[in-house]
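Asker: final.txt is reproduced below (compact mmCIF, C-alpha atoms and all ligand atoms).
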```
# COMPACT_ATOMS: atom_id res chain seq x y z
CA MET L 1 -8.00 -6.37 -4.15
CA ARG L 2 -6.28 -9.53 -2.90
CA ILE L 3 -3.94 -8.48 -0.14
CA LEU L 4 -0.91 -10.39 -1.43
CA GLU L 5 -1.34 -8.79 -4.86
CA SER L 6 -1.42 -5.21 -3.56
CA LYS L 7 1.51 -3.11 -4.67
CA PHE L 8 2.46 -2.10 -1.12
CA VAL L 9 2.57 -5.73 0.06
CA LYS L 10 4.72 -6.74 -2.92
CA GLY L 11 7.05 -3.79 -2.26
CA PHE L 12 7.30 -4.74 1.42
CA ILE L 13 8.14 -8.37 0.61
CA LYS L 14 10.75 -7.40 -1.98
CA MET L 15 12.42 -5.00 0.43
CA ALA L 16 12.55 -7.66 3.17
CA ASP L 17 14.10 -10.14 0.77
CA ASP L 18 16.62 -7.62 -0.56
CA GLY L 19 17.77 -7.05 3.03
CA TYR L 20 18.02 -10.79 3.65
CA GLN L 21 20.06 -11.28 0.45
CA LEU L 22 22.52 -8.65 1.66
CA GLY L 23 23.12 -10.56 4.90
CA TRP L 24 21.43 -8.14 7.27
CA HIS L 25 18.86 -10.60 8.67
CA GLU L 26 20.44 -13.65 10.26
CA ARG L 27 17.87 -15.90 11.96
CA ASN L 28 14.98 -13.64 13.08
CA GLY L 29 17.09 -10.47 13.09
CA GLY L 30 15.59 -7.19 11.98
CA ASN L 31 12.05 -5.93 11.41
CA LEU L 32 10.07 -3.76 9.00
CA SER L 33 6.88 -1.71 9.20
CA TYR L 34 4.82 0.32 6.73
CA ARG L 35 1.98 2.80 7.46
CA LEU L 36 -0.80 2.18 4.95
CA LYS L 37 -2.32 5.02 2.92
CA PRO L 38 -6.09 5.56 3.32
CA ASP L 39 -6.81 4.31 -0.23
CA GLU L 40 -4.73 1.16 0.46
CA VAL L 41 -6.75 0.47 3.62
CA GLN L 42 -9.94 0.97 1.62
CA SER L 43 -8.83 -1.33 -1.21
CA ILE L 44 -8.15 -4.25 1.13
CA GLN L 45 -10.92 -3.60 3.71
CA PRO L 46 -13.23 -6.39 2.44
CA ARG L 47 -10.41 -8.91 2.81
CA LEU L 48 -9.37 -8.05 6.36
CA ASN L 49 -10.27 -10.53 9.08
CA CYS L 50 -12.93 -9.87 11.69
CA PRO L 51 -11.35 -7.79 14.44
CA GLY L 52 -9.72 -9.93 17.14
CA GLU L 53 -8.88 -8.78 20.63
CA TRP L 54 -7.06 -5.56 21.39
CA LEU L 55 -3.52 -6.05 22.71
CA GLU L 56 -1.18 -3.58 24.37
CA ILE L 57 1.45 -1.89 22.21
CA GLY L 58 3.72 -1.19 25.20
CA ALA L 59 3.97 2.50 24.29
CA GLU L 60 1.52 5.35 23.74
CA VAL L 61 1.20 6.64 20.19
CA PRO L 62 -1.92 8.86 20.09
CA GLY L 63 -0.63 10.40 16.85
CA LEU L 64 -1.24 7.04 15.14
CA ALA L 65 -4.84 6.48 16.33
CA GLY L 66 -6.84 4.53 13.75
CA GLU L 67 -3.84 3.88 11.47
CA TYR L 68 -3.08 0.51 9.82
CA PHE L 69 0.42 -0.94 9.55
CA LEU L 70 1.97 -3.83 7.68
CA VAL L 71 4.63 -5.32 10.00
CA THR L 72 6.96 -8.29 10.25
CA GLY L 73 6.16 -10.88 12.92
CA SER L 74 8.10 -11.42 16.12
CA GLY L 75 10.49 -14.37 15.81
CA LYS L 76 9.81 -14.72 12.07
CA TYR L 77 12.76 -15.06 9.72
CA PHE L 78 13.25 -12.55 6.89
CA ARG L 79 14.42 -15.40 4.68
CA ASN L 80 10.96 -16.96 4.88
CA ILE L 81 8.95 -13.84 4.07
CA ILE L 82 9.18 -14.26 0.30
CA VAL L 83 8.12 -17.94 0.40
CA ASP L 84 5.35 -17.67 3.02
CA PRO L 85 4.39 -14.04 3.60
CA GLU L 86 1.04 -14.78 5.26
CA ALA L 87 2.83 -16.69 8.03
CA CYS L 88 5.54 -14.07 8.56
CA ILE L 89 3.88 -10.66 8.29
CA ALA L 90 0.68 -9.00 9.55
CA ILE L 91 -1.58 -6.02 9.08
CA ILE L 92 -2.44 -4.41 12.41
CA GLU L 93 -4.91 -1.68 13.32
CA ILE L 94 -4.24 0.89 16.07
CA ASP L 95 -7.07 1.84 18.45
CA GLU L 96 -8.52 5.32 18.97
CA LYS L 97 -6.22 6.05 21.93
CA GLY L 98 -3.00 4.82 20.36
CA VAL L 99 -2.33 2.31 23.16
CA ASN L 100 -3.62 -1.00 21.71
CA TYR L 101 -3.43 -2.84 18.41
CA ARG L 102 -5.26 -5.78 16.89
CA ILE L 103 -4.26 -8.11 14.07
CA ARG L 104 -6.46 -7.84 10.95
CA TRP L 105 -4.56 -10.05 8.50
CA GLY L 106 -1.57 -12.42 8.33
CA LEU L 107 0.42 -14.40 10.93
CA VAL L 108 -1.79 -17.34 9.93
CA GLU L 109 0.25 -19.78 11.99
CA GLY L 110 -0.02 -17.55 15.05
CA GLY L 111 2.33 -15.03 16.55
CA THR L 112 2.58 -11.36 17.34
CA PRO L 113 4.01 -8.29 15.58
CA THR L 114 7.73 -7.54 15.80
CA SER L 115 9.32 -7.44 19.24
CA GLU L 116 10.41 -3.91 18.34
CA LEU L 117 6.81 -2.70 17.87
CA PRO L 118 7.21 0.10 20.48
CA THR L 119 10.23 1.54 18.64
CA HIS L 120 8.60 1.15 15.22
CA LEU L 121 5.39 2.87 16.27
CA MET L 122 7.07 5.64 18.27
CA ASN L 123 9.33 6.33 15.28
CA HIS L 124 6.30 6.38 12.97
CA GLU L 125 4.52 8.81 15.27
CA VAL L 126 7.48 11.22 15.25
CA LYS L 127 8.06 10.91 11.51
CA LYS L 128 4.39 11.33 10.62
CA ARG L 129 4.46 14.62 12.53
CA VAL L 130 7.81 16.03 11.40
CA THR L 131 7.42 15.07 7.72
CA ASN L 132 3.73 16.03 7.45
CA GLY L 133 2.78 12.42 6.89
CA GLU L 134 5.33 11.83 4.14
CA HIS L 135 7.37 9.09 5.87
CA ARG L 136 5.67 5.68 5.96
CA VAL L 137 8.48 3.12 6.32
CA ILE L 138 10.58 2.20 9.39
CA TYR L 139 13.27 -0.43 8.84
CA HIS L 140 15.55 -2.14 11.35
CA ALA L 141 18.47 -4.31 10.14
CA HIS L 142 21.57 -5.91 11.63
CA THR L 143 24.00 -4.26 9.23
CA THR L 144 27.39 -5.87 9.77
CA ASN L 145 29.75 -2.98 9.11
CA ILE L 146 27.84 -0.33 11.06
CA ILE L 147 27.74 -2.73 14.01
CA ALA L 148 31.50 -3.31 13.72
CA LEU L 149 32.15 0.44 13.78
CA THR L 150 30.25 0.83 17.07
CA PHE L 151 33.17 -0.97 18.76
CA VAL L 152 35.87 1.40 17.54
CA LEU L 153 34.36 4.84 16.95
CA PRO L 154 33.18 7.10 19.78
CA LEU L 155 29.41 6.74 20.08
CA ASN L 156 28.43 10.24 19.06
CA ASP L 157 26.44 11.68 16.19
CA GLU L 158 29.17 14.04 14.97
CA VAL L 159 31.92 11.43 14.59
CA PHE L 160 29.70 8.78 12.97
CA THR L 161 28.15 11.26 10.54
CA ARG L 162 31.44 12.83 9.54
CA GLU L 163 33.32 9.55 9.10
CA LEU L 164 30.47 8.06 7.03
CA TRP L 165 30.21 11.20 4.89
CA GLU L 166 33.95 11.07 4.15
CA MET L 167 33.79 7.49 2.84
CA ALA L 168 31.62 8.21 -0.22
CA THR L 169 30.79 11.47 -1.97
CA GLU L 170 27.10 10.58 -2.31
CA CYS L 171 26.64 10.20 1.47
CA PRO L 172 26.12 13.85 2.43
CA VAL L 173 23.59 14.09 -0.41
CA VAL L 174 21.73 10.92 0.65
CA PHE L 175 21.71 11.70 4.39
CA PRO L 176 22.45 15.43 4.70
CA GLY L 177 20.86 15.50 8.17
CA GLY L 178 23.46 13.06 9.51
CA VAL L 179 23.00 9.98 11.68
CA GLY L 180 22.19 9.61 15.38
CA VAL L 181 23.82 7.07 17.68
CA ILE L 182 22.75 5.57 20.99
CA GLY L 183 24.87 3.50 23.36
CA TRP L 184 23.95 -0.10 24.15
CA MET L 185 20.48 -0.61 25.63
CA VAL L 186 18.15 -3.56 26.17
CA PRO L 187 16.17 -3.93 22.93
CA GLY L 188 12.45 -4.56 22.56
CA GLY L 189 11.02 -2.18 25.13
CA ARG L 190 9.74 1.28 25.78
CA ALA L 191 13.00 2.84 27.02
CA ILE L 192 14.95 2.17 23.82
CA ALA L 193 11.86 3.23 21.83
CA ILE L 194 11.82 6.63 23.57
CA LYS L 195 15.55 7.18 22.95
CA THR L 196 15.27 6.17 19.30
CA ALA L 197 12.20 8.31 18.69
CA GLN L 198 14.09 11.29 20.13
CA LEU L 199 16.79 10.79 17.49
CA MET L 200 14.12 10.45 14.79
CA GLU L 201 12.98 14.02 15.52
CA LYS L 202 16.21 15.08 13.88
CA TYR L 203 17.63 12.19 11.86
CA ASP L 204 16.36 9.57 9.39
CA VAL L 205 19.02 7.12 10.64
CA ALA L 206 19.50 5.87 14.21
CA ILE L 207 22.34 3.51 15.08
CA TRP L 208 22.02 1.13 18.02
CA ALA L 209 25.50 0.34 19.33
CA HIS L 210 26.50 -3.34 19.03
CA HIS L 211 23.09 -4.14 17.50
CA GLY L 212 22.12 -2.47 14.22
CA MET L 213 20.37 0.41 12.58
CA PHE L 214 16.94 2.00 12.12
CA CYS L 215 16.05 3.99 8.99
CA SER L 216 12.95 6.02 8.16
CA GLY L 217 11.71 7.05 4.75
CA ALA L 218 8.81 7.96 2.49
CA ASP L 219 8.72 4.68 0.56
CA PHE L 220 10.43 1.29 0.29
CA ASP L 221 13.04 2.41 -2.26
CA LEU L 222 14.12 5.49 -0.34
CA THR L 223 14.27 3.71 3.01
CA PHE L 224 16.11 0.68 1.67
CA GLY L 225 18.42 2.93 -0.33
CA LEU L 226 19.23 4.91 2.79
CA MET L 227 20.09 1.78 4.81
CA HIS L 228 22.14 0.46 1.87
CA THR L 229 24.08 3.70 1.42
CA VAL L 230 24.94 4.06 5.11
CA GLU L 231 26.01 0.42 5.36
CA LYS L 232 28.08 0.64 2.15
CA SER L 233 29.88 3.66 3.54
CA ALA L 234 30.49 1.79 6.81
CA GLU L 235 31.96 -1.08 4.79
CA ILE L 236 34.43 1.28 3.11
CA LEU L 237 35.37 2.70 6.51
CA VAL L 238 35.94 -0.79 7.93
CA LYS L 239 38.18 -1.63 4.94
CA MET L 240 40.05 1.65 5.23
CA LEU L 241 40.64 1.20 8.98
CA SER L 242 41.78 -2.37 8.34
CA MET L 243 44.50 -1.08 6.02
CA SER L 244 45.61 1.87 8.12
CA PRO L 245 44.42 3.93 11.08
CA HIS L 246 45.28 7.08 9.12
CA LYS L 247 43.95 8.58 5.90
CA LEU L 248 46.51 9.90 3.46
CA GLN L 249 43.81 12.14 1.94
CA THR L 250 40.07 12.61 2.37
CA ILE L 251 37.10 14.88 1.64
CA GLN L 252 37.67 18.10 3.61
CA PRO L 253 35.13 20.38 5.35
CA GLN L 254 35.37 22.96 2.56
CA ASN L 255 34.81 20.21 -0.04
CA PHE L 256 31.55 19.36 1.75
CA ARG L 257 30.49 23.02 1.74
CA ASP L 258 31.16 23.22 -2.01
CA LEU L 259 29.22 20.02 -2.60
CA ALA L 260 26.30 21.31 -0.50
CA LYS L 261 26.06 24.43 -2.68
CA ASP L 262 26.04 22.53 -6.00
CA PHE L 263 23.75 19.76 -4.81
CA LYS L 264 21.43 22.15 -2.95
CA VAL L 265 21.54 20.35 0.36
CA SER L 266 22.19 21.92 3.72
CA LEU L 267 24.92 20.27 5.76
CA PRO L 268 24.91 21.30 9.45
CA GLU L 269 28.24 22.86 10.48
CA GLN L 270 28.15 20.67 13.59
CA PHE L 271 29.47 17.84 11.37
CA LEU L 272 32.12 19.94 9.57
CA TYR L 273 34.41 20.42 12.55
CA GLU L 274 38.17 20.78 12.13
CA LYS L 275 40.12 17.68 13.19
CA GLU L 276 43.41 17.83 15.05
O1 LIG K 301 14.98 -10.19 16.48
O2 LIG K 301 16.16 -7.51 15.48
O3 LIG K 301 15.99 -6.13 17.69
C1 LIG K 301 14.46 -9.02 15.99
C2 LIG K 301 15.39 -7.93 16.30
C3 LIG K 301 15.33 -7.33 17.64
ZN ZN K 302 17.58 -6.11 16.13
```
Will you turn the file into structure tokens for me?

Answerer:
Amino acid sequence: MRILESKFVKGFIKMADDGYQLGWHERNGGNLSYRLKPDEVQSIQPRLNCPGEWLEIGAEVPGLAGEYFLVTGSGKYFRNIIVDPEACIAIIEIDEKGVNYRIRWGLVEGGTPTSELPTHLMNHEVKKRVTNGEHRVIYHAHTTNIIALTFVLPLNDEVFTRELWEMATECPVVFPGGVGVIGWMVPGGRAIAIKTAQLMEKYDVAIWAHHGMFCSGADFDLTFGLMHTVEKSAEILVKMLSMSPHKLQTIQPQNFRDLAKDFKVSLPEQFLYEKE
């Protein structure tokens, strides 16, 4: 099967372009990665390039030994992915120890995988384990409204989750586990990868203060939909706070408990605290 005609590559490119169209990927902002299924690796195997040299990931991910990922390239612009995917994205293979990778397809004009490769792969390793292999997509975007909120809300999981849940009834159903938040850190390295992966043990959404968001999911639709829902809710909160610092009415803790029962989701009580 020609790589660019594979369903997973088409889905990846569409998702990247959808994010660009929504304004989440200025310049080279954001990155995306997908863990291939064994039958997808098999279907494209004859079209992969001869293995090149092994390069360091910058993190250890033994749980991903031998896996293949489709990833965006470092410094590449999301807006160019749809017009020239082979120059902007790559398929990489992880070695048997989970410490090196090599490029097997793509980045035809040169380059390396996303600068956030340590965070992507550490998140994948956690999610592969805690979801029994179900999650395959990790997505990082510079979502305007979530970033704006990191300047005015306290940087803790409870406040962010609760305020986002209150802004749209669908939110607690779409992300019943809540969202995790980390304070500002230098991006691109192992330290922020470790912190983010810790949040991914528990959440499908991790917010990086003054930077953006990471989402994890089983497929492109679910992961994009999650990012979109969280960011939409943040947009409503920004609008609400711009009109008034106070709510005249809102969704109350007991309303959430009633919703949880009918929609068969479990909402941790940690997020349903009473406000003064
Ligand atoms: O430039 O978004 O976090 C890519 C990024 C780094
Ligand atoms: Zn970023």

Asker: At a cut-off of 8 Å around ligand LIG 301 (chain K), and using only C-alpha atoms and all ligand atoms, what residues come up? Please write them as a PyMOL selection string.

Answerer: chain L and resi 25+27-31+74-75+114-116+140-142+187-188+211-212

Asker: Between L:Glu26, L:Glu67, L:Glu96, L:Asp221, which residue has the minimum interatomic distance to ligand ZN 302 (chain K), considering only C-alpha atoms and all ligand atoms?

Answerer: L:Glu26

Asker: Could you check which of L:Gln252, L:Thr119, L:Gln270, L:Thr161 is closest to ligand ZN 302 (chain K), using only C-alpha atoms and all ligand atoms?

Answerer: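 Of L:Gln252, L:Thr119, L:Gln270, L:Thr161, the one nearest ligand ZN 302 (chain K) is L:Thr119, counting only C-alpha atoms and all ligand atoms.
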
Asker: Using all atoms listed in the file, which of L:Thr150, L:Lys195, L:Thr143, L:Pro62 sits nearest ligand ZN 302 (chain K)?

Answerer: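 So, comparing all the options, the nearest one is L:Thr143.
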
Asker: Report as a PDB file with C-alpha atoms, keeping the file's coordinate frame all protein, DNA and RNA residues lying within 10 Å of segment 126-139 of chain L, evaluated on only C-alpha atoms, omitting residues in the same chain fewer than 2 positions from it.

Answerer:
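The new file around23.pdb reads:
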```pdb
ATOM      1  CA  PHE L  12       7.300  -4.740   1.420  1.00  0.00           C
ATOM      2  CA  MET L  15      12.420  -5.000   0.430  1.00  0.00           C
ATOM      3  CA  ALA L  16      12.550  -7.660   3.170  1.00  0.00           C
ATOM      4  CA  GLY L  19      17.770  -7.050   3.030  1.00  0.00           C
ATOM      5  CA  GLY L  30      15.590  -7.190  11.980  1.00  0.00           C
ATOM      6  CA  ASN L  31      12.050  -5.930  11.410  1.00  0.00           C
ATOM      7  CA  LEU L  32      10.070  -3.760   9.000  1.00  0.00           C
ATOM      8  CA  SER L  33       6.880  -1.710   9.200  1.00  0.00           C
ATOM      9  CA  TYR L  34       4.820   0.320   6.730  1.00  0.00           C
ATOM     10  CA  ARG L  35       1.980   2.800   7.460  1.00  0.00           C
ATOM     11  CA  LEU L  36      -0.800   2.180   4.950  1.00  0.00           C
ATOM     12  CA  LYS L  37      -2.320   5.020   2.920  1.00  0.00           C
ATOM     13  CA  VAL L  61       1.200   6.640  20.190  1.00  0.00           C
ATOM     14  CA  GLY L  63      -0.630  10.400  16.850  1.00  0.00           C
ATOM     15  CA  LEU L  64      -1.240   7.040  15.140  1.00  0.00           C
ATOM     16  CA  PHE L  69       0.420  -0.940   9.550  1.00  0.00           C
ATOM     17  CA  LEU L  70       1.970  -3.830   7.680  1.00  0.00           C
ATOM     18  CA  VAL L  71       4.630  -5.320  10.000  1.00  0.00           C
ATOM     19  CA  THR L 119      10.230   1.540  18.640  1.00  0.00           C
ATOM     20  CA  HIS L 120       8.600   1.150  15.220  1.00  0.00           C
ATOM     21  CA  LEU L 121       5.390   2.870  16.270  1.00  0.00           C
ATOM     22  CA  MET L 122       7.070   5.640  18.270  1.00  0.00           C
ATOM     23  CA  ASN L 123       9.330   6.330  15.280  1.00  0.00           C
ATOM     24  CA  HIS L 124       6.300   6.380  12.970  1.00  0.00           C
ATOM     25  CA  ALA L 141      18.470  -4.310  10.140  1.00  0.00           C
ATOM     26  CA  ALA L 197      12.200   8.310  18.690  1.00  0.00           C
ATOM     27  CA  GLN L 198      14.090  11.290  20.130  1.00  0.00           C
ATOM     28  CA  LEU L 199      16.790  10.790  17.490  1.00  0.00           C
ATOM     29  CA  MET L 200      14.120  10.450  14.790  1.00  0.00           C
ATOM     30  CA  GLU L 201      12.980  14.020  15.520  1.00  0.00           C
ATOM     31  CA  LYS L 202      16.210  15.080  13.880  1.00  0.00           C
ATOM     32  CA  TYR L 203      17.630  12.190  11.860  1.00  0.00           C
ATOM     33  CA  ASP L 204      16.360   9.570   9.390  1.00  0.00           C
ATOM     34  CA  VAL L 205      19.020   7.120  10.640  1.00  0.00           C
ATOM     35  CA  MET L 213      20.370   0.410  12.580  1.00  0.00           C
ATOM     36  CA  PHE L 214      16.940   2.000  12.120  1.00  0.00           C
ATOM     37  CA  CYS L 215      16.050   3.990   8.990  1.00  0.00           C
ATOM     38  CA  SER L 216      12.950   6.020   8.160  1.00  0.00           C
ATOM     39  CA  GLY L 217      11.710   7.050   4.750  1.00  0.00           C
ATOM     40  CA  ALA L 218       8.810   7.960   2.490  1.00  0.00           C
ATOM     41  CA  ASP L 219       8.720   4.680   0.560  1.00  0.00           C
ATOM     42  CA  PHE L 220      10.430   1.290   0.290  1.00  0.00           C
ATOM     43  CA  ASP L 221      13.040   2.410  -2.260  1.00  0.00           C
ATOM     44  CA  LEU L 222      14.120   5.490  -0.340  1.00  0.00           C
ATOM     45  CA  THR L 223      14.270   3.710   3.010  1.00  0.00           C
ATOM     46  CA  PHE L 224      16.110   0.680   1.670  1.00  0.00           C
ATOM     47  CA  MET L 227      20.090   1.780   4.810  1.00  0.00           C
TER      48      MET L 227
END
```

Asker: What does the structure give for the distance between atom CA of Val181 of chain L and atom CA of Val230 of chain L, in Å to one decimal?

Answerer: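 Separation between atom CA of Val181 of chain L and atom CA of Val230 of chain L: 13.0 Å.
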
Asker: Please list as a list in words every residue within 10 Å of Ala234 of chain L, counting all atoms listed in the file and excluding residues in the same chain fewer than 6 positions away.

Answerer: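 Surrounding residues, per the criterion: Thr143, Thr144, Asn145, Ile146, Ile147, Ala148, Leu149, Phe160, Glu163, Leu164, Trp165, Met167, Ala168, His228 and Met240 of chain L.
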
Asker: Kindly indicate which residue among L:Arg190, L:Leu272, L:Met185, L:Ala260 lies nearest to ligand ZN 302 (chain K), using all atoms listed in the file for the distances.

Answerer: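 With all atoms listed in the file as the atom set, the closest residue is L:Met185.
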
Asker: Could you please determine the separation between atom CA of Ser6 of chain L and atom CA of Ala87 of chain L in Å, to one decimal place?

Answerer: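 Taking atom CA of Ser6 of chain L and atom CA of Ala87 of chain L, their separation equals 16.9 Å.
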
Asker: Just want the 12 Å neighbourhood of Pro46 of chain L, counted on all atoms listed in the file, with same-chain residues fewer than 2 positions away dropped. Output as a list in words.

Answerer: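 Final neighbour list, sorted by chain and number: Met1, Arg2, Ile3, Glu40, Val41, Gln42, Ser43, Ile44, Leu48, Asn49, Cys50, Arg104 and Trp105 of chain L.
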
Asker: Considering all atoms listed in the file, state which residue in the set L:Gly58, L:Pro154, L:Gly110, L:Gly189 is at the smallest distance from ligand ZN 302 (chain K).

Answerer: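 Counting all atoms listed in the file, the residue closest to ligand ZN 302 (chain K) is L:Gly189.
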
Asker: May I have the residues within 9 Å of Val265 of chain L as a list in words, using all atoms listed in the file and disregarding those fewer than 5 positions away in the same chain?

Answerer: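 Here the qualifying residues turn out to be Pro172, Val173, Pro176, Leu259 and Ala260 of chain L.
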
Asker: Would you fill out segment 198-207 of chain L with all heavy atoms and return it as a PDB file, keeping the file's coordinate frame?

Answerer:
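So result.pdb came out as:
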```
ATOM      1  N   GLN L 198      13.476   9.960  19.950  1.00  0.00           N
ATOM      2  CA  GLN L 198      14.090  11.290  20.130  1.00  0.00           C
ATOM      3  C   GLN L 198      15.056  11.583  18.984  1.00  0.00           C
ATOM      4  O   GLN L 198      15.089  12.679  18.441  1.00  0.00           O
ATOM      5  CB  GLN L 198      14.837  11.380  21.463  1.00  0.00           C
ATOM      6  CG  GLN L 198      13.917  11.663  22.646  1.00  0.00           C
ATOM      7  CD  GLN L 198      14.612  11.408  23.993  1.00  0.00           C
ATOM      8  OE1 GLN L 198      15.779  10.992  24.045  1.00  0.00           O
ATOM      9  NE2 GLN L 198      13.884  11.650  25.078  1.00  0.00           N
ATOM     10  N   LEU L 199      15.857  10.596  18.602  1.00  0.00           N
ATOM     11  CA  LEU L 199      16.790  10.790  17.490  1.00  0.00           C
ATOM     12  C   LEU L 199      16.039  11.014  16.179  1.00  0.00           C
ATOM     13  O   LEU L 199      16.481  11.767  15.316  1.00  0.00           O
ATOM     14  CB  LEU L 199      17.721   9.584  17.345  1.00  0.00           C
ATOM     15  CG  LEU L 199      18.769   9.375  18.432  1.00  0.00           C
ATOM     16  CD1 LEU L 199      19.611   8.139  18.118  1.00  0.00           C
ATOM     17  CD2 LEU L 199      19.678  10.593  18.570  1.00  0.00           C
ATOM     18  N   MET L 200      14.894  10.343  16.029  1.00  0.00           N
ATOM     19  CA  MET L 200      14.120  10.450  14.790  1.00  0.00           C
ATOM     20  C   MET L 200      13.472  11.826  14.602  1.00  0.00           C
ATOM     21  O   MET L 200      13.014  12.162  13.527  1.00  0.00           O
ATOM     22  CB  MET L 200      13.066   9.347  14.712  1.00  0.00           C
ATOM     23  CG  MET L 200      13.651   7.979  14.403  1.00  0.00           C
ATOM     24  SD  MET L 200      14.246   7.880  12.696  1.00  0.00           S
ATOM     25  CE  MET L 200      15.048   6.270  12.699  1.00  0.00           C
ATOM     26  N   GLU L 201      13.436  12.628  15.673  1.00  0.00           N
ATOM     27  CA  GLU L 201      12.980  14.020  15.520  1.00  0.00           C
ATOM     28  C   GLU L 201      13.904  14.741  14.557  1.00  0.00           C
ATOM     29  O   GLU L 201      13.496  15.645  13.836  1.00  0.00           O
ATOM     30  CB  GLU L 201      13.029  14.754  16.879  1.00  0.00           C
ATOM     31  CG  GLU L 201      12.105  14.209  17.944  1.00  0.00           C
ATOM     32  CD  GLU L 201      10.705  14.829  17.891  1.00  0.00           C
ATOM     33  OE1 GLU L 201      10.526  15.843  17.190  1.00  0.00           O
ATOM     34  OE2 GLU L 201       9.809  14.277  18.548  1.00  0.00           O
ATOM     35  N   LYS L 202      15.169  14.340  14.562  1.00  0.00           N
ATOM     36  CA  LYS L 202      16.210  15.080  13.880  1.00  0.00           C
ATOM     37  C   LYS L 202      16.804  14.315  12.699  1.00  0.00           C
ATOM     38  O   LYS L 202      17.192  14.900  11.692  1.00  0.00           O
ATOM     39  CB  LYS L 202      17.305  15.328  14.925  1.00  0.00           C
ATOM     40  CG  LYS L 202      18.229  16.451  14.632  1.00  0.00           C
ATOM     41  CD  LYS L 202      19.032  16.797  15.876  1.00  0.00           C
ATOM     42  CE  LYS L 202      20.421  17.266  15.465  1.00  0.00           C
ATOM     43  NZ  LYS L 202      21.377  17.189  16.557  1.00  0.00           N
ATOM     44  N   TYR L 203      16.935  13.010  12.846  1.00  0.00           N
ATOM     45  CA  TYR L 203      17.630  12.190  11.860  1.00  0.00           C
ATOM     46  C   TYR L 203      16.688  11.197  11.192  1.00  0.00           C
ATOM     47  O   TYR L 203      15.663  10.830  11.772  1.00  0.00           O
ATOM     48  CB  TYR L 203      18.747  11.388  12.523  1.00  0.00           C
ATOM     49  CG  TYR L 203      19.763  12.195  13.278  1.00  0.00           C
ATOM     50  CD1 TYR L 203      19.858  12.118  14.674  1.00  0.00           C
ATOM     51  CD2 TYR L 203      20.658  13.023  12.601  1.00  0.00           C
ATOM     52  CE1 TYR L 203      20.810  12.848  15.377  1.00  0.00           C
ATOM     53  CE2 TYR L 203      21.617  13.757  13.300  1.00  0.00           C
ATOM     54  CZ  TYR L 203      21.681  13.666  14.684  1.00  0.00           C
ATOM     55  OH  TYR L 203      22.624  14.382  15.366  1.00  0.00           O
ATOM     56  N   ASP L 204      17.082  10.690  10.019  1.00  0.00           N
ATOM     57  CA  ASP L 204      16.360   9.570   9.390  1.00  0.00           C
ATOM     58  C   ASP L 204      17.081   8.249   9.674  1.00  0.00           C
ATOM     59  O   ASP L 204      16.623   7.187   9.248  1.00  0.00           O
ATOM     60  CB  ASP L 204      16.274   9.771   7.864  1.00  0.00           C
ATOM     61  CG  ASP L 204      15.378  10.948   7.510  1.00  0.00           C
ATOM     62  OD1 ASP L 204      14.533  11.330   8.349  1.00  0.00           O
ATOM     63  OD2 ASP L 204      15.526  11.493   6.400  1.00  0.00           O
ATOM     64  N   VAL L 205      18.223   8.319  10.340  1.00  0.00           N
ATOM     65  CA  VAL L 205      19.020   7.120  10.640  1.00  0.00           C
ATOM     66  C   VAL L 205      19.370   7.122  12.129  1.00  0.00           C
ATOM     67  O   VAL L 205      19.884   8.117  12.644  1.00  0.00           O
ATOM     68  CB  VAL L 205      20.348   7.111   9.843  1.00  0.00           C
ATOM     69  CG1 VAL L 205      21.152   5.853  10.150  1.00  0.00           C
ATOM     70  CG2 VAL L 205      20.101   7.264   8.352  1.00  0.00           C
ATOM     71  N   ALA L 206      19.094   6.016  12.815  1.00  0.00           N
ATOM     72  CA  ALA L 206      19.500   5.870  14.210  1.00  0.00           C
ATOM     73  C   ALA L 206      20.285   4.567  14.345  1.00  0.00           C
ATOM     74  O   ALA L 206      19.816   3.500  13.928  1.00  0.00           O
ATOM     75  CB  ALA L 206      18.291   5.850  15.141  1.00  0.00           C
ATOM     76  N   ILE L 207      21.490   4.689  14.904  1.00  0.00           N
ATOM     77  CA  ILE L 207      22.340   3.510  15.080  1.00  0.00           C
ATOM     78  C   ILE L 207      22.251   3.036  16.529  1.00  0.00           C
ATOM     79  O   ILE L 207      22.368   3.840  17.460  1.00  0.00           O
ATOM     80  CB  ILE L 207      23.809   3.863  14.705  1.00  0.00           C
ATOM     81  CG1 ILE L 207      23.898   4.168  13.197  1.00  0.00           C
ATOM     82  CG2 ILE L 207      24.777   2.737  15.112  1.00  0.00           C
ATOM     83  CD1 ILE L 207      25.201   4.830  12.772  1.00  0.00           C
TER      84      ILE L 207
END
```
